[in-house]
file input28.txt (compact mmCIF, C-alpha atoms)
# COMPACT_ATOMS: atom_id res chain seq x y z
CA MET A 177 -13.82 12.98 -0.33
CA SER A 178 -14.89 11.02 2.71
CA THR A 179 -16.09 12.81 5.83
CA ALA A 180 -16.90 9.87 8.12
CA THR A 181 -14.80 8.81 11.06
CA PRO A 182 -12.68 5.75 10.17
CA ARG A 183 -12.99 2.57 12.16
CA GLN A 184 -10.05 1.08 14.00
CA ALA A 185 -8.85 -2.03 12.22
CA THR A 186 -9.63 -5.31 13.92
CA PRO A 187 -6.69 -6.57 16.06
CA SER A 188 -4.77 -8.84 13.71
CA THR A 189 -1.17 -7.67 13.78
CA THR A 190 0.40 -11.06 13.07
CA THR A 191 -1.69 -12.21 10.11
CA GLY A 192 0.79 -13.14 7.42
CA TRP A 193 1.98 -15.39 4.64
CA SER A 194 5.12 -17.51 4.33
CA LEU A 195 6.86 -17.56 0.95
CA GLY A 196 9.59 -19.89 2.13
CA ASP A 197 12.60 -17.87 3.19
CA ILE A 198 10.52 -14.64 3.09
CA THR A 199 7.58 -13.86 5.36
CA VAL A 200 5.17 -10.98 4.99
CA ARG A 201 2.72 -9.73 7.63
CA ARG A 202 -0.17 -7.29 7.34
CA ILE A 203 0.00 -4.49 9.92
CA ASP A 204 -3.47 -2.96 10.12
CA GLU A 205 -4.04 0.75 10.55
CA ILE A 206 -7.72 1.54 9.84
CA GLU A 207 -10.67 0.41 7.78
CA LEU A 208 -11.53 3.33 5.54
CA PRO A 209 -15.07 4.80 5.70
CA ARG A 210 -17.53 3.38 3.19
CA GLU A 211 -17.69 6.76 1.40
CA THR A 212 -14.07 6.26 0.34
CA GLY A 213 -14.92 3.67 -2.32
CA PRO A 214 -17.33 5.79 -4.40
CA TRP A 215 -14.99 8.80 -4.13
CA LEU A 216 -11.81 6.94 -5.07
CA LEU A 217 -13.29 4.58 -7.67
CA PRO A 218 -16.36 6.37 -9.04
CA ALA A 219 -16.82 3.86 -11.87
CA ALA A 220 -17.09 0.96 -9.42
CA THR A 221 -20.87 1.26 -9.23
CA LYS A 222 -23.28 -1.28 -7.82
CA ASP A 223 -23.91 -2.59 -11.35
CA VAL A 224 -20.18 -3.14 -11.86
CA LEU A 225 -19.87 -4.88 -8.49
CA ASP A 226 -22.85 -7.08 -9.36
CA GLU A 227 -20.94 -8.40 -12.37
CA ALA A 228 -18.37 -9.90 -9.98
CA PRO A 229 -20.39 -11.63 -7.24
CA TRP A 230 -17.18 -13.06 -5.72
CA LEU A 231 -16.41 -9.56 -4.39
CA ARG A 232 -19.06 -9.92 -1.69
CA PRO A 233 -19.00 -10.08 1.28
CA ASP A 234 -15.27 -9.63 1.83
CA PHE A 235 -14.41 -6.89 -0.66
CA ALA A 236 -17.67 -4.99 -1.12
CA ASP A 237 -20.79 -4.02 0.77
CA ALA A 238 -24.12 -4.13 -1.01
CA ASP A 239 -23.30 -1.19 -3.26
CA VAL A 240 -19.76 0.11 -2.60
CA PRO A 241 -16.19 -1.25 -2.55
CA ARG A 242 -14.57 -1.70 0.86
CA LEU A 243 -11.05 -0.34 1.41
CA ALA A 244 -8.47 -0.33 4.20
CA SER A 245 -5.12 1.17 5.14
CA HIS A 246 -2.30 -1.10 6.25
CA SER A 247 1.41 -1.73 5.85
CA PHE A 248 3.26 -4.92 5.02
CA ALA A 249 6.12 -6.02 7.26
CA VAL A 250 8.54 -8.23 5.36
CA GLU A 251 11.38 -10.35 6.69
CA ALA A 252 13.93 -11.26 4.01
CA GLY A 253 17.61 -12.06 4.18
CA GLY A 254 17.72 -11.22 7.87
CA LEU A 255 16.33 -7.72 7.20
CA ARG A 256 13.14 -6.16 8.55
CA ILE A 257 11.39 -4.22 5.79
CA LEU A 258 8.22 -2.12 5.99
CA VAL A 259 6.32 -1.46 2.76
CA ASP A 260 4.39 1.84 2.97
CA THR A 261 3.58 3.48 6.28
CA GLY A 262 -0.08 4.44 6.05
CA ILE A 263 -1.73 7.64 7.23
CA GLY A 264 -0.01 8.23 10.56
CA ASN A 265 -1.09 9.73 13.86
CA GLY A 266 -1.70 13.38 14.64
CA LYS A 267 -1.26 14.62 11.07
CA ASN A 268 -3.13 17.72 9.85
CA ARG A 269 -4.94 16.43 6.77
CA ALA A 270 -7.55 17.90 4.42
CA ASN A 271 -9.40 14.57 4.26
CA PRO A 272 -11.36 14.34 7.53
CA ALA A 273 -11.07 10.56 7.51
CA TRP A 274 -7.28 10.90 7.72
CA ASN A 275 -7.06 13.96 9.95
CA ALA A 276 -5.52 13.73 13.44
CA LEU A 277 -5.73 9.96 13.73
CA ASP A 278 -4.87 8.27 17.00
CA THR A 279 -4.38 4.55 16.34
CA ASP A 280 -2.30 1.83 17.97
CA PHE A 281 -0.33 1.13 14.80
CA PRO A 282 3.10 1.23 16.53
CA ALA A 283 1.93 -1.35 19.08
CA ARG A 284 0.66 -3.58 16.28
CA LEU A 285 3.99 -3.28 14.52
CA THR A 286 5.89 -4.13 17.69
CA ALA A 287 3.60 -7.08 18.44
CA ALA A 288 4.48 -8.49 15.01
CA GLY A 289 8.17 -8.36 15.93
CA PHE A 290 8.99 -5.11 14.11
CA PRO A 291 9.59 -2.47 16.79
CA PRO A 292 10.44 0.80 15.00
CA GLU A 293 14.09 0.79 16.04
CA SER A 294 14.55 -2.68 14.47
CA VAL A 295 13.34 -1.77 10.95
CA ASP A 296 16.14 -1.79 8.35
CA LEU A 297 14.30 -0.57 5.23
CA VAL A 298 11.14 1.42 4.61
CA ILE A 299 9.88 1.13 1.03
CA THR A 300 7.59 3.90 -0.19
CA THR A 301 5.68 2.71 -3.25
CA HIS A 302 4.77 6.33 -4.04
CA LEU A 303 4.66 9.68 -2.29
CA HIS A 304 0.98 10.02 -1.45
CA THR A 305 -0.40 11.04 1.92
CA ASP A 306 -1.79 7.65 2.92
CA HIS A 307 1.49 5.87 2.16
CA VAL A 308 4.00 8.00 4.09
CA GLY A 309 2.24 9.01 7.30
CA TRP A 310 4.10 6.81 9.76
CA ASN A 311 7.40 7.86 8.19
CA THR A 312 7.52 10.30 11.11
CA ARG A 313 6.22 10.78 14.64
CA LEU A 314 5.87 13.90 16.74
CA VAL A 315 8.49 14.46 19.44
CA GLY A 316 7.84 17.71 21.24
CA GLU A 317 7.14 20.11 18.40
CA ASP A 318 9.23 18.27 15.80
CA TRP A 319 8.41 15.52 13.35
CA VAL A 320 11.22 12.94 13.47
CA PRO A 321 11.75 9.65 11.61
CA THR A 322 9.74 6.89 13.25
CA PHE A 323 12.31 4.31 12.14
CA PRO A 324 15.61 5.80 13.31
CA HIS A 325 17.93 3.18 11.84
CA ALA A 326 16.17 2.58 8.51
CA ARG A 327 16.93 3.61 4.96
CA TYR A 328 13.76 4.95 3.37
CA LEU A 329 13.54 4.03 -0.32
CA THR A 330 11.42 5.35 -3.16
CA SER A 331 11.99 5.52 -6.90
CA ARG A 332 14.10 8.34 -8.28
CA THR A 333 11.40 9.05 -10.87
CA GLU A 334 8.81 9.50 -8.10
CA TRP A 335 11.11 11.70 -6.04
CA ASP A 336 12.05 13.92 -8.96
CA HIS A 337 8.44 14.27 -10.11
CA TRP A 338 7.25 15.74 -6.82
CA ALA A 339 10.41 17.81 -6.37
CA GLY A 340 9.55 19.51 -9.65
CA THR A 341 5.82 19.95 -8.96
CA ASP A 342 4.12 23.09 -7.66
CA LEU A 343 2.37 21.56 -4.65
CA ASP A 344 -0.99 22.61 -3.29
CA GLU A 345 -1.04 23.37 0.44
CA ALA A 346 -2.45 20.01 1.52
CA ARG A 347 0.28 18.10 -0.29
CA ALA A 348 2.96 20.57 0.80
CA GLN A 349 1.89 19.96 4.41
CA MET A 350 2.33 16.22 3.89
CA PHE A 351 5.85 16.73 2.57
CA ARG A 352 6.69 19.02 5.47
CA ASP A 353 5.63 16.60 8.18
CA SER A 354 6.20 13.16 6.61
CA VAL A 355 8.85 13.39 3.88
CA HIS A 356 11.19 16.32 4.44
CA PRO A 357 12.09 15.37 8.05
CA VAL A 358 13.31 12.00 6.77
CA ARG A 359 15.22 13.67 3.94
CA ASP A 360 16.74 16.17 6.35
CA ALA A 361 17.88 13.32 8.60
CA GLY A 362 19.73 11.83 5.63
CA GLN A 363 17.57 8.70 5.56
CA TYR A 364 15.66 9.02 2.26
CA ASP A 365 17.37 7.23 -0.61
CA PRO A 366 15.77 7.65 -4.07
CA VAL A 367 16.84 4.76 -6.30
CA ALA A 368 16.73 4.19 -10.04
CA VAL A 369 14.22 1.45 -10.91
CA PRO A 370 14.81 0.01 -14.39
CA GLU A 371 12.17 -1.88 -16.37
CA GLN A 372 13.45 -5.25 -15.10
CA GLY A 373 13.24 -4.10 -11.49
CA HIS A 374 15.76 -3.28 -8.79
CA GLU A 375 16.63 -5.66 -5.94
CA VAL A 376 16.88 -3.80 -2.63
CA ALA A 377 17.19 -6.86 -0.36
CA PRO A 378 17.52 -10.60 -1.00
CA GLY A 379 14.43 -11.54 -3.01
CA VAL A 380 12.83 -8.07 -2.66
CA LEU A 381 12.51 -6.08 -5.89
CA LEU A 382 11.05 -2.71 -6.74
CA VAL A 383 9.27 -2.96 -10.10
CA PRO A 384 7.91 -0.01 -12.11
CA ALA A 385 4.14 0.48 -11.79
CA PRO A 386 3.49 3.98 -13.19
CA GLY A 387 0.15 5.60 -13.88
CA HIS A 388 -1.27 6.30 -10.45
CA THR A 389 1.85 8.44 -10.06
CA PRO A 390 4.72 8.76 -12.54
CA GLY A 391 7.24 6.85 -10.44
CA GLN A 392 5.12 4.43 -8.46
CA VAL A 393 6.59 0.99 -7.82
CA ALA A 394 5.11 -2.33 -6.83
CA VAL A 395 7.15 -4.67 -4.64
CA GLU A 396 7.89 -8.19 -5.85
CA LEU A 397 8.85 -10.80 -3.26
CA ARG A 398 10.71 -13.82 -4.61
CA GLY A 399 10.63 -16.38 -1.82
CA SER A 400 12.24 -19.80 -2.03
CA HIS A 401 8.80 -21.46 -2.29
CA ARG A 402 6.56 -18.76 -3.68
CA ARG A 403 6.34 -15.28 -5.19
CA ALA A 404 4.14 -12.37 -4.12
CA LEU A 405 3.42 -8.87 -5.40
CA ILE A 406 2.53 -5.93 -3.17
CA THR A 407 0.42 -3.63 -5.30
CA GLY A 408 0.92 -0.12 -3.99
CA ASP A 409 -1.91 1.77 -5.71
CA SER A 410 -1.50 0.09 -9.08
CA ILE A 411 -4.50 -2.00 -7.97
CA HIS A 412 -6.58 -0.25 -5.33
CA HIS A 413 -9.32 -2.84 -5.07
CA PRO A 414 -10.17 -6.35 -6.36
CA VAL A 415 -12.95 -4.90 -8.57
CA GLN A 416 -10.07 -3.80 -10.81
CA LEU A 417 -9.36 -7.46 -11.56
CA SER A 418 -12.80 -8.02 -13.05
CA HIS A 419 -12.81 -4.50 -14.53
CA PRO A 420 -9.19 -3.34 -15.07
CA HIS A 421 -10.38 -0.12 -16.73
CA VAL A 422 -11.92 1.12 -13.48
CA HIS A 423 -9.39 3.72 -12.43
CA SER A 424 -8.81 5.96 -9.44
CA CYS A 425 -9.97 9.56 -9.45
CA VAL A 426 -6.44 10.59 -8.40
CA ASP A 427 -4.47 8.69 -11.06
CA THR A 428 -2.07 11.11 -12.76
CA ASP A 429 -2.28 9.12 -16.02
CA PRO A 430 -5.35 6.84 -16.05
CA ALA A 431 -4.48 5.22 -19.39
CA GLN A 432 -1.00 4.33 -18.18
CA ALA A 433 -2.47 3.03 -14.93
CA VAL A 434 -4.70 0.67 -16.92
CA ARG A 435 -1.73 -0.59 -18.96
CA THR A 436 0.30 -1.17 -15.79
CA ARG A 437 -2.58 -3.05 -14.16
CA ALA A 438 -3.05 -5.23 -17.24
CA ARG A 439 0.66 -6.08 -17.33
CA LEU A 440 0.81 -7.03 -13.67
CA LEU A 441 -2.35 -9.12 -13.78
CA GLU A 442 -1.24 -10.97 -16.91
CA ALA A 443 2.00 -11.94 -15.19
CA LEU A 444 0.18 -13.20 -12.09
CA ALA A 445 -2.78 -14.94 -13.70
CA ASP A 446 -3.12 -18.69 -13.14
CA THR A 447 0.09 -18.93 -11.11
CA ASP A 448 0.48 -19.59 -7.39
CA ALA A 449 1.92 -16.10 -6.83
CA LEU A 450 0.12 -14.06 -4.18
CA LEU A 451 -1.36 -10.65 -4.90
CA LEU A 452 -1.17 -8.52 -1.74
CA GLY A 453 -3.39 -5.45 -1.98
CA THR A 454 -2.15 -2.34 -0.24
CA HIS A 455 -5.76 -1.15 0.22
CA PHE A 456 -7.61 -4.47 0.01
CA PRO A 457 -9.74 -5.16 3.09
CA GLN A 458 -9.32 -8.50 4.82
CA PRO A 459 -8.48 -11.14 3.65
CA THR A 460 -6.15 -8.85 1.67
CA ALA A 461 -4.41 -11.51 -0.43
CA GLY A 462 -5.14 -14.11 -3.05
CA THR A 463 -4.19 -15.65 -6.35
CA VAL A 464 -5.31 -14.26 -9.70
CA ARG A 465 -7.43 -16.49 -11.90
CA ARG A 466 -8.79 -15.98 -15.41
CA GLU A 467 -12.56 -16.28 -15.54
CA THR A 468 -14.75 -15.78 -18.64
CA GLY A 469 -12.58 -13.11 -20.18
CA HIS A 470 -11.88 -11.36 -16.87
CA TYR A 471 -9.79 -11.93 -13.80
CA ARG A 472 -10.88 -12.74 -10.29
CA LEU A 473 -9.13 -12.99 -6.94
CA LEU A 474 -9.20 -16.35 -5.19
CA ALA A 475 -8.83 -15.15 -1.63
CA GLU A 476 -6.15 -16.67 0.54
CA PRO A 477 -6.41 -15.54 4.17
CA GLY A 478 -3.13 -15.50 6.01
CA THR A 479 -2.29 -17.42 9.14
CA ASP A 480 -1.40 -16.09 12.56
CA LEU A 481 2.37 -16.13 12.28
CA PRO A 482 4.37 -15.79 15.49
CA PRO A 483 6.16 -12.46 15.97
CA THR A 484 9.48 -12.14 14.21
CA ALA A 485 12.27 -13.16 16.57
CA ALA A 486 14.57 -10.45 17.88

call {"tool": "encode", "arguments": {"input": "input28.txt", "output": "structure tokens"}}
result
Amino acid sequence: MSTATPRQATPSTTTGWSLGDITVRRIDEIELPRETGPWLLPAATKDVLDEAPWLRPDFADADVPRLASHSFAVEAGGLRILVDTGIGNGKNRANPAWNALDTDFPARLTAAGFPPESVDLVITTHLHTDHVGWNTRLVGEDWVPTFPHARYLTSRTEWDHWAGTDLDEARAQMFRDSVHPVRDAGQYDPVAVPEQGHEVAPGVLLVPAPGHTPGQVAVELRGSHRRALITGDSIHHPVQLSHPHVHSCVDTDPAQAVRTRARLLEALADTDALLLGTHFPQPTAGTVRRETGHYRLLAEPGTDLPPTAA
């Protein structure tokens, strides 16, 4: 597990993509330390990276994958939707790279036109520490929901899995400070996600993406001009396009994770649909192309969209 101090993300709160009647913006939190890649994706060695030269310089250093933490702010059907909430500030975490962060994430979110009180939905792709941290903020001695007027959504399968799991102390701490306060406020809403997906807002669907966790979802955006897929941790890094069998060291079911990744990539390949990586470093997005028996990501940097109007 990484021990280095994470870097603040570069100021880019309004970088986004227009899908027609849906817009999606990347809200940066931090760039993860370079030690994160070898820990999280141990099979993504220098030799594997060398087989996909398109990964450099954006997605890999000389010998390790690059990773980041960010959220996606989506505007659809007049609703403000936040997909995953990152690591969070001031949280007591076992991973030193995540412990007691102090970032300007809320200011970035507000600058993009998504002040916390304006958010209608928070979608949690899965209940891992680096996806729920900004669910809450510290007020006095209490953790309270950061988004006071939002419904927080996750899949029922995901919710039930962790409710029935004997948690280690590090994960129990995460639930105490970032999940249970939202539940206790009556704002968490586990939803059933069938195989065909579940629409939670106009053009916004939760789709099953199990393997990394039993109930993980990806988020499909069906804009009037274009589709996009937000990966969650079904695809941690673009190296998993060229080598889909490279799996995360924390996948609960690596074989299922590989099957999920293959299914998602097959559906996206050689279309104009955007793949938006929850942990991809900048430029974060691109289209999936078949290339000599593998896939590759044709990067598509976003544009500086104006803040969402009040």

call {"tool": "residues_around", "arguments": {"input": "input28.txt", "residues": "Arg437 (chain A)", "least_positions_apart": "2", "cutoff": "8 Å", "atoms": "only C-alpha atoms", "output": "JSON, numbers by chain"}}
result
{"A": [385, 410, 411, 420, 433, 434, 435, 439, 440, 441]}

call {"tool": "atom_distance", "arguments": {"input": "input28.txt", "atom1": "CA of Gln392 (chain A)", "atom2": "CA of Gly408 (chain A)"}}
result
7.6 Å

call {"tool": "atom_distance", "arguments": {"input": "input28.txt", "atom1": "CA of Arg352 (chain A)", "atom2": "CA of Val426 (chain A)"}}
result
20.9 Å

call {"tool": "closest_residue", "arguments": {"input": "input28.txt", "among": "A:Gly289, A:Pro477, A:Pro272, A:Gly266", "to": "Arg313 (chain A)", "atoms": "only C-alpha atoms"}}
result
A:Gly266

call {"tool": "closest_residue", "arguments": {"input": "input28.txt", "among": "A:Ser294, A:Gln432, A:Ser424, A:Asn311", "to": "Pro218 (chain A)", "atoms": "all atoms listed in the file"}}
result
A:Ser424

call {"tool": "atom_distance", "arguments": {"input": "input28.txt", "atom1": "CA of His246 (chain A)", "atom2": "CA of Asp223 (chain A)"}}
result
27.9 Å

call {"tool": "closest_residue", "arguments": {"input": "input28.txt", "among": "A:Ala449, A:Leu285, A:Val224, A:Val395", "to": "Ser247 (chain A)", "atoms": "all atoms listed in the file"}}
result
A:Leu285

call {"tool": "residues_around", "arguments": {"input": "input28.txt", "residues": "Glu371 (chain A)", "least_positions_apart": "6", "cutoff": "10 Å", "atoms": "all atoms listed in the file", "output": "PDB file with C-alpha atoms, in the frame of the given file"}}
result
ATOM      1  CA  LEU A 382      11.050  -2.710  -6.740  1.00  0.00           C
ATOM      2  CA  VAL A 383       9.270  -2.960 -10.100  1.00  0.00           C
ATOM      3  CA  PRO A 384       7.910  -0.010 -12.110  1.00  0.00           C
ATOM      4  CA  ALA A 385       4.140   0.480 -11.790  1.00  0.00           C
TER       5      ALA A 385
END

call {"tool": "closest_residue", "arguments": {"input": "input28.txt", "among": "A:Ser354, A:Thr484, A:Thr301, A:Thr460", "to": "Glu396 (chain A)", "atoms": "all atoms listed in the file"}}
result
A:Thr301
